[in-house]
Structure formats: C-alpha cells, structure tokens
Number of protein chains: 2
Amino acid sequence: MAREFGEDIREKFRRSGYTLTSQRRAVLEALRETPGHPSAEDVYLTVKKKNPRVALGTVYQALSVLEEIGVVEAKHWNESPTRYDLNVEPHLDIRCSKCGNVSEIPGVELKDLEIRIRESTPYEVTRTAMVVEGICPACSAENSRA
Amino acid sequence: MAREFGEDIREKFRRSGYTLTSQRRAVLEALRETPGHPSAEDVYLTVKKKNPRVALGTVYQALSVLEEIGVVEAKHWNESPTRYDLNVEPHLDIRCSKCGNVSEIPGVELKDLEIRIRESTPYEVTRTAMVVEGICPACSAENSRA
DNA sequence: CTCGCAAACAGGAACGGTTATTGATCCGGC
DNA sequence: GCCGGATCAATAACCGTTCCTGTTTGCGAG
C-alpha cells in the first residue's frame, strides 16, 4: 500500500525548500484515506494510529506547509473547524448544516470564473474558495418525518 | 441622522418573530457606517461609542440573528476573524493577505452560478459564499520596493 | 396603569480551535 | 563521526466565539 505520491507533489516540495518528512507524508496519506473533508483533528487521529507519537501541533504545521506549497486546500465554514482537501482545483464543497458532512458538488465548472476574477481585480490572486451550505437529502427526509 | 432602514429589513424581523431592538438597530447602523467588512469586534467598538454599556456577546448574538433572517452575510477567512457585510447578494470579496483589508470585486456575475449550483445538487442550499485572497496593489508595490 | 411573562441584555467565565514556545531529535553535508 | 539547521513532541498560551447567570426591558392581559 502507500502508493507513491505524484511527481508534482515531490516537485512542489523541492521548489519550496521544505522537506518531505515522514510526518508530512503521513498527513498526506491520511488525507487520501479519509473520506469526506477531514478537519485537522481528524487527520491527527488517523496519523496517530500508525505513529502514536505525533503531536497535534505537528499536524497543523504540516497542513499549513502543504497548503502553502499548494498541495492541499483549506476551507472555512460556519460552526465547523477548517477542513482540508487534496483537491486543489477550483471546485464546490457543500456542507450540511444539520449533520455537518461535507461533500463535493460535481458538474459545475469554475475555471472560467477564476479567470474572470483575475481579470476583474488588480490584486494578485493567490487563493479562491467557494463554500456552500444547505440541508442534505437525508437530513431533509428526517426532518419531514419528525 | 440614522436614516431609517428599508421596509424589507423591518419585514424580515416581523416574519422571523425576532424583535428589532435598539441594540440590533445599532449593530445595523455600525455595519452601514463602517467601511470595508468589519469583524464582530469592529462592530462592537463602533456600537460602544454611542452606547458604552453594550456587551460583546450581545453584538455576536445580534449578528447571528441578523444573519439568520438574511439581513447580513458572514464570510470566513484564513487568519482573520469572521467578517460581516450588509450586502447579501452573491458577490465576491477579496482579502489582502498582507494588510488584511477586505473589499469587493465588482463586475463578476454570480447569480447564474448560484442557479447552476442549485440545479447540480440535491441539497436544499441555504448559503453560498465565495472568498478570494491575494495581494493588493499597494502591498505588492511595497514589496517590490523593499 | 401595573402586573406578569418572555425575550433580550450585560457582564464575565468558559470553551475550542489554532498558534507559539521550548527543548529534544532527526538528517544532510562535511 | 560531528556540526548545524530544519523538524518535531509536548504543552502552554491565545483569541475568537459561545455559554451562563442574574438583571432589565418591552409588551399584552387584566
């Protein structure tokens, strides 16, 4: 197992000057293995299963390095800790405000939007993120049954 | 001064069952007076100038009521407290990751996107927010001078 | 008018996610 | 094998936000 990471990730580390340490590798693996969009604590718990000595602070530090070099993406929500995602392409994440689950909305193209954004502002854009909240079908059904 | 609020706001309060108290009115006025996109604490400080007895907790509670009934919008950022905005139409906010200022990007239409989102997910969408981060022209210039 | 009740508030303590600190440890280059 | 900088573990501190308690306010019924 532990299929190797793409050359792009390796390359991003090389160019950034950061080293791809075993802990950072473990954080990447945890992100790949954890369905949904894990929080820092979720990642911490997963990593801890294999290496109980890692500290939560290390996970935060690793995540912030990974975000800085463009390997992971962080999204911020109402009433929920920051969640991390290996998908760094512009995409839509939706969070159910009842059960808290986060998933992706497929089929909506955002590339054009990002291009238009860059055209419309004099800022040097470094990050764009779209978050959507709503009620998932399961919670909605539960509600109407109650 | 203190030009009156629109009938729509009044109506939203009426329908929600919440009361439009003087503190909530003061929070709305602070939002209208404060340029940029103030944080809860910014609002608190502004409100406090006129009524020093208001509590920070009251401002938070007022803001959450205002958000719930659709009068203000909250956006969540990297390394910055939540910021509030009277503009509840879908729009783009950009934050400079150097100086922290938040402003709007005009001229990008988001209505269509929101419609497409609703078509592409079985969720009952309650909120969409787009955040953009980058370096503003001023900070960019400052950098190249250094 | 005033009494009673529910909603809202002030003040402050508590909470939770995140960041900073400090000393130990690892790792690459010599 | 040894040195030095980067990274790490452990834990304390921080800061934005929420929660709690007693008090005040506003409003409807009598």
# chains A, B, ... in the order shown; residues from 1 in each chain; ligands from 1
>>> calpha_fit_and_write(fixed="chain B", moving="chain A", output="compact mmCIF listing (two decimals) with N, CA and C atoms, in the first residue's frame")
# COMPACT_ATOMS: atom_id res chain seq x y z
N MET A 1 -29.69 62.20 11.08
CA MET A 1 -28.99 61.01 10.55
C MET A 1 -29.78 59.74 10.90
N ALA A 2 -29.09 58.62 10.86
CA ALA A 2 -29.76 57.34 11.14
C ALA A 2 -30.98 57.17 10.25
N ARG A 3 -30.73 57.39 8.98
CA ARG A 3 -31.76 57.14 7.97
C ARG A 3 -32.41 55.77 8.26
N GLU A 4 -33.69 55.73 8.06
CA GLU A 4 -34.42 54.52 8.44
C GLU A 4 -34.07 53.32 7.57
N PHE A 5 -34.21 52.13 8.13
CA PHE A 5 -33.92 50.92 7.38
C PHE A 5 -35.07 50.60 6.44
N GLY A 6 -34.74 49.88 5.40
CA GLY A 6 -35.76 49.55 4.40
C GLY A 6 -36.87 48.69 4.99
N GLU A 7 -37.95 48.71 4.30
CA GLU A 7 -39.11 47.93 4.73
C GLU A 7 -38.79 46.43 4.71
N ASP A 8 -37.86 46.05 3.81
CA ASP A 8 -37.49 44.65 3.71
C ASP A 8 -36.88 44.13 5.01
N ILE A 9 -36.03 44.94 5.62
CA ILE A 9 -35.42 44.52 6.88
C ILE A 9 -36.49 44.40 7.97
N ARG A 10 -37.28 45.43 8.06
CA ARG A 10 -38.39 45.41 9.00
C ARG A 10 -39.25 44.16 8.79
N GLU A 11 -39.51 43.87 7.54
CA GLU A 11 -40.35 42.72 7.19
C GLU A 11 -39.68 41.41 7.60
N LYS A 12 -38.37 41.34 7.39
CA LYS A 12 -37.67 40.11 7.77
C LYS A 12 -37.73 39.88 9.27
N PHE A 13 -37.66 40.94 10.01
CA PHE A 13 -37.80 40.80 11.46
C PHE A 13 -39.20 40.33 11.81
N ARG A 14 -40.17 40.94 11.18
CA ARG A 14 -41.56 40.61 11.50
C ARG A 14 -41.80 39.11 11.25
N ARG A 15 -41.35 38.67 10.08
CA ARG A 15 -41.62 37.28 9.72
C ARG A 15 -40.86 36.28 10.58
N SER A 16 -39.71 36.71 11.09
CA SER A 16 -38.89 35.78 11.86
C SER A 16 -39.39 35.64 13.29
N GLY A 17 -40.08 36.65 13.76
CA GLY A 17 -40.51 36.62 15.14
C GLY A 17 -39.53 37.31 16.08
N TYR A 18 -38.34 37.64 15.56
CA TYR A 18 -37.39 38.39 16.39
C TYR A 18 -37.84 39.85 16.45
N THR A 19 -37.42 40.52 17.51
CA THR A 19 -37.77 41.94 17.62
C THR A 19 -36.59 42.80 17.20
N LEU A 20 -36.91 43.91 16.60
CA LEU A 20 -35.86 44.84 16.16
C LEU A 20 -35.56 45.78 17.31
N THR A 21 -34.67 45.33 18.18
CA THR A 21 -34.36 46.11 19.37
C THR A 21 -33.35 47.20 19.05
N SER A 22 -33.14 48.07 20.03
CA SER A 22 -32.23 49.20 19.80
C SER A 22 -30.81 48.70 19.57
N GLN A 23 -30.42 47.63 20.27
CA GLN A 23 -29.07 47.11 20.07
C GLN A 23 -28.90 46.54 18.67
N ARG A 24 -29.89 45.84 18.20
CA ARG A 24 -29.78 45.26 16.87
C ARG A 24 -29.78 46.36 15.82
N ARG A 25 -30.57 47.42 16.09
CA ARG A 25 -30.55 48.55 15.19
C ARG A 25 -29.15 49.17 15.18
N ALA A 26 -28.55 49.27 16.36
CA ALA A 26 -27.22 49.87 16.47
C ALA A 26 -26.18 49.04 15.71
N VAL A 27 -26.33 47.73 15.76
CA VAL A 27 -25.40 46.87 15.02
C VAL A 27 -25.57 47.09 13.52
N LEU A 28 -26.79 47.20 13.07
CA LEU A 28 -27.04 47.48 11.66
C LEU A 28 -26.44 48.81 11.25
N GLU A 29 -26.61 49.84 12.09
CA GLU A 29 -26.04 51.14 11.77
C GLU A 29 -24.53 51.08 11.72
N ALA A 30 -23.95 50.35 12.66
CA ALA A 30 -22.49 50.22 12.67
C ALA A 30 -22.00 49.57 11.38
N LEU A 31 -22.73 48.55 10.94
CA LEU A 31 -22.35 47.88 9.70
C LEU A 31 -22.45 48.83 8.52
N ARG A 32 -23.44 49.71 8.56
CA ARG A 32 -23.62 50.63 7.45
C ARG A 32 -22.54 51.71 7.47
N GLU A 33 -22.13 52.09 8.67
CA GLU A 33 -21.17 53.18 8.77
C GLU A 33 -19.73 52.73 8.58
N THR A 34 -19.46 51.47 8.91
CA THR A 34 -18.07 51.03 8.87
C THR A 34 -17.67 50.62 7.46
N PRO A 35 -16.69 51.29 6.91
CA PRO A 35 -16.23 50.88 5.59
C PRO A 35 -15.53 49.54 5.66
N GLY A 36 -15.40 48.90 4.54
CA GLY A 36 -14.79 47.58 4.54
C GLY A 36 -15.77 46.58 5.11
N HIS A 37 -15.26 45.50 5.60
CA HIS A 37 -16.12 44.44 6.08
C HIS A 37 -15.75 44.15 7.52
N PRO A 38 -16.42 44.81 8.45
CA PRO A 38 -15.98 44.76 9.84
C PRO A 38 -16.13 43.38 10.47
N SER A 39 -15.26 43.11 11.42
CA SER A 39 -15.38 41.92 12.25
C SER A 39 -16.35 42.22 13.38
N ALA A 40 -16.70 41.18 14.12
CA ALA A 40 -17.61 41.37 15.25
C ALA A 40 -17.04 42.40 16.23
N GLU A 41 -15.74 42.35 16.42
CA GLU A 41 -15.13 43.28 17.36
C GLU A 41 -15.18 44.71 16.84
N ASP A 42 -14.97 44.90 15.54
CA ASP A 42 -15.10 46.23 14.94
C ASP A 42 -16.49 46.79 15.21
N VAL A 43 -17.49 45.95 14.97
CA VAL A 43 -18.87 46.37 15.18
C VAL A 43 -19.07 46.74 16.64
N TYR A 44 -18.55 45.90 17.51
CA TYR A 44 -18.66 46.13 18.95
C TYR A 44 -18.10 47.49 19.33
N LEU A 45 -16.92 47.81 18.82
CA LEU A 45 -16.28 49.09 19.16
C LEU A 45 -17.10 50.28 18.65
N THR A 46 -17.64 50.13 17.45
CA THR A 46 -18.45 51.22 16.89
C THR A 46 -19.73 51.42 17.71
N VAL A 47 -20.38 50.32 18.00
CA VAL A 47 -21.62 50.41 18.76
C VAL A 47 -21.36 51.01 20.13
N LYS A 48 -20.22 50.64 20.69
CA LYS A 48 -19.89 51.08 22.04
C LYS A 48 -19.71 52.60 22.15
N LYS A 49 -19.33 53.22 21.05
CA LYS A 49 -19.15 54.67 21.10
C LYS A 49 -20.44 55.38 21.48
N LYS A 50 -21.55 54.88 20.97
CA LYS A 50 -22.83 55.52 21.27
C LYS A 50 -23.46 54.97 22.53
N ASN A 51 -23.25 53.70 22.76
CA ASN A 51 -23.82 53.08 23.95
C ASN A 51 -22.76 52.21 24.61
N PRO A 52 -22.03 52.79 25.58
CA PRO A 52 -20.88 52.08 26.17
C PRO A 52 -21.27 50.86 26.97
N ARG A 53 -22.56 50.66 27.18
CA ARG A 53 -22.94 49.54 28.04
C ARG A 53 -23.16 48.23 27.28
N VAL A 54 -23.15 48.26 25.96
CA VAL A 54 -23.36 47.00 25.24
C VAL A 54 -22.21 46.04 25.48
N ALA A 55 -22.52 44.76 25.47
CA ALA A 55 -21.52 43.73 25.68
C ALA A 55 -21.17 43.09 24.34
N LEU A 56 -19.93 42.59 24.28
CA LEU A 56 -19.49 41.94 23.06
C LEU A 56 -20.42 40.77 22.70
N GLY A 57 -20.83 40.04 23.71
CA GLY A 57 -21.72 38.91 23.49
C GLY A 57 -23.02 39.32 22.83
N THR A 58 -23.51 40.48 23.18
CA THR A 58 -24.75 40.98 22.57
C THR A 58 -24.54 41.22 21.09
N VAL A 59 -23.38 41.76 20.75
CA VAL A 59 -23.09 42.00 19.34
C VAL A 59 -23.05 40.67 18.58
N TYR A 60 -22.39 39.69 19.15
CA TYR A 60 -22.36 38.37 18.49
C TYR A 60 -23.78 37.83 18.33
N GLN A 61 -24.56 37.96 19.37
CA GLN A 61 -25.92 37.42 19.30
C GLN A 61 -26.73 38.17 18.25
N ALA A 62 -26.57 39.48 18.23
CA ALA A 62 -27.30 40.28 17.25
C ALA A 62 -26.87 39.91 15.83
N LEU A 63 -25.57 39.77 15.63
CA LEU A 63 -25.08 39.42 14.30
C LEU A 63 -25.61 38.06 13.86
N SER A 64 -25.70 37.14 14.80
CA SER A 64 -26.16 35.81 14.39
C SER A 64 -27.65 35.84 14.08
N VAL A 65 -28.40 36.66 14.79
CA VAL A 65 -29.82 36.82 14.46
C VAL A 65 -29.94 37.46 13.08
N LEU A 66 -29.17 38.51 12.85
CA LEU A 66 -29.24 39.21 11.56
C LEU A 66 -28.85 38.29 10.42
N GLU A 67 -27.88 37.42 10.69
CA GLU A 67 -27.49 36.49 9.64
C GLU A 67 -28.61 35.47 9.39
N GLU A 68 -29.19 35.00 10.50
CA GLU A 68 -30.23 33.99 10.37
C GLU A 68 -31.42 34.48 9.55
N ILE A 69 -31.80 35.72 9.73
CA ILE A 69 -32.97 36.22 8.99
C ILE A 69 -32.57 36.81 7.65
N GLY A 70 -31.30 36.71 7.32
CA GLY A 70 -30.89 37.08 5.96
C GLY A 70 -30.66 38.56 5.74
N VAL A 71 -30.28 39.26 6.78
CA VAL A 71 -30.04 40.70 6.65
C VAL A 71 -28.55 40.99 6.50
N VAL A 72 -27.73 40.16 7.09
CA VAL A 72 -26.29 40.31 6.90
C VAL A 72 -25.70 38.97 6.47
N GLU A 73 -24.49 39.06 5.97
CA GLU A 73 -23.80 37.87 5.49
C GLU A 73 -22.45 37.77 6.19
N ALA A 74 -22.09 36.56 6.58
CA ALA A 74 -20.80 36.34 7.25
C ALA A 74 -19.86 35.62 6.29
N LYS A 75 -18.62 36.03 6.29
CA LYS A 75 -17.64 35.29 5.51
C LYS A 75 -16.43 34.94 6.36
N HIS A 76 -15.89 33.76 6.09
CA HIS A 76 -14.81 33.20 6.91
C HIS A 76 -13.53 33.14 6.11
N TRP A 77 -12.43 33.54 6.73
CA TRP A 77 -11.16 33.68 6.04
C TRP A 77 -10.05 32.92 6.74
N ASN A 78 -8.98 32.80 6.03
CA ASN A 78 -7.72 32.36 6.62
C ASN A 78 -7.20 33.47 7.52
N GLU A 79 -6.73 33.09 8.68
CA GLU A 79 -6.03 34.04 9.55
C GLU A 79 -6.76 35.37 9.71
N SER A 80 -8.02 35.32 9.93
CA SER A 80 -8.78 36.55 10.15
C SER A 80 -10.11 36.17 10.75
N PRO A 81 -10.57 36.97 11.71
CA PRO A 81 -11.89 36.65 12.26
C PRO A 81 -12.97 36.80 11.19
N THR A 82 -14.12 36.23 11.48
CA THR A 82 -15.27 36.33 10.58
C THR A 82 -15.63 37.78 10.34
N ARG A 83 -15.96 38.10 9.10
CA ARG A 83 -16.33 39.47 8.78
C ARG A 83 -17.75 39.51 8.25
N TYR A 84 -18.41 40.64 8.54
CA TYR A 84 -19.84 40.76 8.25
C TYR A 84 -20.10 41.85 7.22
N ASP A 85 -21.20 41.69 6.51
CA ASP A 85 -21.47 42.52 5.35
C ASP A 85 -22.97 42.67 5.19
N LEU A 86 -23.40 43.91 4.92
CA LEU A 86 -24.83 44.14 4.68
C LEU A 86 -25.25 43.66 3.30
N ASN A 87 -24.26 43.47 2.43
CA ASN A 87 -24.58 43.03 1.07
C ASN A 87 -24.84 41.53 1.08
N VAL A 88 -26.10 41.14 0.96
CA VAL A 88 -26.43 39.72 1.01
C VAL A 88 -26.61 39.12 -0.37
N GLU A 89 -26.47 39.93 -1.40
CA GLU A 89 -26.47 39.38 -2.76
C GLU A 89 -25.18 38.59 -2.96
N PRO A 90 -25.23 37.54 -3.77
CA PRO A 90 -23.98 36.82 -4.04
C PRO A 90 -22.97 37.78 -4.68
N HIS A 91 -21.81 37.86 -4.07
CA HIS A 91 -20.80 38.77 -4.61
C HIS A 91 -19.43 38.30 -4.15
N LEU A 92 -18.42 38.90 -4.71
CA LEU A 92 -17.05 38.47 -4.43
C LEU A 92 -16.38 39.40 -3.46
N ASP A 93 -15.80 38.85 -2.41
CA ASP A 93 -14.98 39.62 -1.51
C ASP A 93 -13.55 39.12 -1.61
N ILE A 94 -12.63 40.06 -1.62
CA ILE A 94 -11.22 39.68 -1.67
C ILE A 94 -10.50 40.27 -0.48
N ARG A 95 -9.59 39.50 0.08
CA ARG A 95 -8.84 39.94 1.24
C ARG A 95 -7.35 39.91 0.92
N CYS A 96 -6.68 41.01 1.24
CA CYS A 96 -5.23 41.05 1.03
C CYS A 96 -4.56 40.29 2.16
N SER A 97 -3.78 39.30 1.81
CA SER A 97 -3.17 38.49 2.87
C SER A 97 -1.98 39.21 3.50
N LYS A 98 -1.59 40.34 2.95
CA LYS A 98 -0.55 41.15 3.58
C LYS A 98 -1.14 42.12 4.60
N CYS A 99 -2.02 43.01 4.13
CA CYS A 99 -2.53 44.07 5.01
C CYS A 99 -3.87 43.70 5.65
N GLY A 100 -4.51 42.66 5.16
CA GLY A 100 -5.74 42.19 5.80
C GLY A 100 -7.01 42.88 5.36
N ASN A 101 -6.92 43.94 4.57
CA ASN A 101 -8.12 44.65 4.14
C ASN A 101 -9.01 43.78 3.25
N VAL A 102 -10.28 43.96 3.42
CA VAL A 102 -11.24 43.22 2.61
C VAL A 102 -12.02 44.21 1.75
N SER A 103 -12.16 43.91 0.50
CA SER A 103 -13.00 44.76 -0.36
C SER A 103 -13.73 43.88 -1.36
N GLU A 104 -14.57 44.51 -2.15
CA GLU A 104 -15.37 43.73 -3.08
C GLU A 104 -14.78 43.79 -4.49
N ILE A 105 -14.98 42.72 -5.21
CA ILE A 105 -14.62 42.70 -6.63
C ILE A 105 -15.89 42.94 -7.43
N PRO A 106 -15.98 44.08 -8.08
CA PRO A 106 -17.20 44.35 -8.83
C PRO A 106 -17.13 43.71 -10.21
N GLY A 107 -18.27 43.61 -10.82
CA GLY A 107 -18.28 43.25 -12.24
C GLY A 107 -18.25 41.77 -12.55
N VAL A 108 -18.33 40.92 -11.53
CA VAL A 108 -18.41 39.49 -11.83
C VAL A 108 -19.79 39.00 -11.41
N GLU A 109 -20.49 38.49 -12.37
CA GLU A 109 -21.87 38.06 -12.13
C GLU A 109 -21.89 36.68 -11.47
N LEU A 110 -22.60 36.54 -10.38
CA LEU A 110 -22.63 35.26 -9.68
C LEU A 110 -24.03 34.65 -9.61
N LYS A 111 -25.01 35.40 -10.01
CA LYS A 111 -26.38 34.91 -9.94
C LYS A 111 -26.54 33.59 -10.70
N ASP A 112 -26.02 33.56 -11.93
CA ASP A 112 -26.14 32.36 -12.75
C ASP A 112 -25.48 31.17 -12.06
N LEU A 113 -24.33 31.44 -11.46
CA LEU A 113 -23.61 30.36 -10.79
C LEU A 113 -24.47 29.76 -9.69
N GLU A 114 -25.09 30.64 -8.92
CA GLU A 114 -25.92 30.14 -7.83
C GLU A 114 -27.08 29.30 -8.35
N ILE A 115 -27.64 29.73 -9.46
CA ILE A 115 -28.73 28.94 -10.06
C ILE A 115 -28.20 27.57 -10.49
N ARG A 116 -27.03 27.57 -11.11
CA ARG A 116 -26.46 26.30 -11.55
C ARG A 116 -26.16 25.39 -10.35
N ILE A 117 -25.71 26.01 -9.26
CA ILE A 117 -25.43 25.21 -8.06
C ILE A 117 -26.71 24.52 -7.58
N ARG A 118 -27.77 25.29 -7.49
CA ARG A 118 -29.02 24.70 -7.00
C ARG A 118 -29.52 23.59 -7.91
N GLU A 119 -29.20 23.73 -9.19
CA GLU A 119 -29.62 22.68 -10.13
C GLU A 119 -28.76 21.41 -9.98
N SER A 120 -27.54 21.59 -9.49
CA SER A 120 -26.58 20.48 -9.52
C SER A 120 -26.52 19.68 -8.23
N THR A 121 -27.29 20.06 -7.24
CA THR A 121 -27.22 19.34 -5.98
C THR A 121 -28.62 19.08 -5.44
N PRO A 122 -28.79 17.92 -4.81
CA PRO A 122 -30.08 17.62 -4.19
C PRO A 122 -30.26 18.34 -2.86
N TYR A 123 -29.19 18.98 -2.37
CA TYR A 123 -29.30 19.72 -1.11
C TYR A 123 -30.26 20.89 -1.27
N GLU A 124 -30.85 21.28 -0.17
CA GLU A 124 -31.60 22.53 -0.13
C GLU A 124 -30.61 23.62 0.28
N VAL A 125 -30.15 24.36 -0.70
CA VAL A 125 -29.07 25.33 -0.47
C VAL A 125 -29.55 26.52 0.34
N THR A 126 -28.82 26.82 1.42
CA THR A 126 -29.23 27.96 2.25
C THR A 126 -28.24 29.11 2.20
N ARG A 127 -27.04 28.83 1.74
CA ARG A 127 -26.01 29.87 1.81
C ARG A 127 -24.91 29.54 0.82
N THR A 128 -24.45 30.53 0.11
CA THR A 128 -23.26 30.34 -0.72
C THR A 128 -22.34 31.52 -0.45
N ALA A 129 -21.06 31.25 -0.45
CA ALA A 129 -20.11 32.34 -0.20
C ALA A 129 -18.83 32.06 -0.95
N MET A 130 -18.32 33.10 -1.55
CA MET A 130 -17.06 32.94 -2.26
C MET A 130 -16.06 33.90 -1.64
N VAL A 131 -14.91 33.38 -1.30
CA VAL A 131 -13.85 34.22 -0.76
C VAL A 131 -12.62 34.10 -1.65
N VAL A 132 -11.97 35.22 -1.84
CA VAL A 132 -10.77 35.27 -2.66
C VAL A 132 -9.68 35.92 -1.84
N GLU A 133 -8.47 35.39 -1.95
CA GLU A 133 -7.35 36.03 -1.26
C GLU A 133 -6.26 36.36 -2.26
N GLY A 134 -5.50 37.38 -1.92
CA GLY A 134 -4.43 37.79 -2.82
C GLY A 134 -3.64 38.93 -2.21
N ILE A 135 -2.83 39.56 -3.03
CA ILE A 135 -2.03 40.70 -2.58
C ILE A 135 -2.56 41.95 -3.28
N CYS A 136 -2.90 42.95 -2.50
CA CYS A 136 -3.45 44.15 -3.10
C CYS A 136 -2.33 44.96 -3.77
N PRO A 137 -2.69 45.84 -4.70
CA PRO A 137 -1.69 46.60 -5.44
C PRO A 137 -0.73 47.36 -4.52
N ALA A 138 -1.26 47.96 -3.47
CA ALA A 138 -0.42 48.74 -2.56
C ALA A 138 0.65 47.86 -1.92
N CYS A 139 0.22 46.73 -1.37
CA CYS A 139 1.18 45.84 -0.72
C CYS A 139 2.16 45.25 -1.73
N SER A 140 1.67 45.03 -2.93
CA SER A 140 2.53 44.48 -3.96
C SER A 140 3.64 45.47 -4.30
N ALA A 141 3.27 46.75 -4.43
CA ALA A 141 4.25 47.79 -4.72
C ALA A 141 5.26 47.90 -3.59
N GLU A 142 4.75 47.86 -2.37
CA GLU A 142 5.61 47.95 -1.20
C GLU A 142 6.67 46.85 -1.21
N ASN A 143 6.20 45.67 -1.61
CA ASN A 143 7.10 44.53 -1.67
C ASN A 143 8.25 44.75 -2.65
N SER A 144 7.89 45.20 -3.84
CA SER A 144 8.92 45.32 -4.87
C SER A 144 9.88 46.44 -4.55
N ARG A 145 9.42 47.43 -3.76
CA ARG A 145 10.32 48.50 -3.33
C ARG A 145 11.33 47.98 -2.31
N ALA A 146 10.90 47.05 -1.46
CA ALA A 146 11.76 46.57 -0.36
C ALA A 146 13.00 45.85 -0.89
>>> interface_residues(of="chain C", to="chain B", cutoff="9 Å", atoms="only C-alpha atoms (C1' of nucleotides)", output="VMD selection string")
chain C and resid 7 to 11
>>> interface_residues(of="chain D", to="chain A", cutoff="8 Å", atoms="only C-alpha atoms (C1' of nucleotides)", output="PyMOL selection string")
chain D and resi 8-10
>>> atom_distance(atom1="atom C1' of D:DG16", atom2="atom C1' of C:DT21")
21.1 Å
>>> select_by_dssp(residues="chain B", states="alpha helix (DSSP H)", output="MDAnalysis selection string")
chainID B and resid 7:16 22:33 40:50 56:68 111:120 137:145
>>> residues_around(residues="D:DG28", least_positions_apart="2", cutoff="12 Å", atoms="only C-alpha atoms (C1' of nucleotides)", output="PyMOL selection string")
(chain C and resi 2-6) or (chain D and resi 26+30)
>>> select_by_dssp(residues="chain A", states="strand (DSSP E or B)", output="PyMOL selection string")
chain A and resi 39+73-77+80-85+92-96+102-105+124-135
>>> atom_distance(atom1="atom C1' of D:DG1", atom2="atom C1' of C:DC26")
15.5 Å
>>> atom_distance(atom1="atom C1' of D:DT17", atom2="atom C1' of C:DT22")
28.9 Å
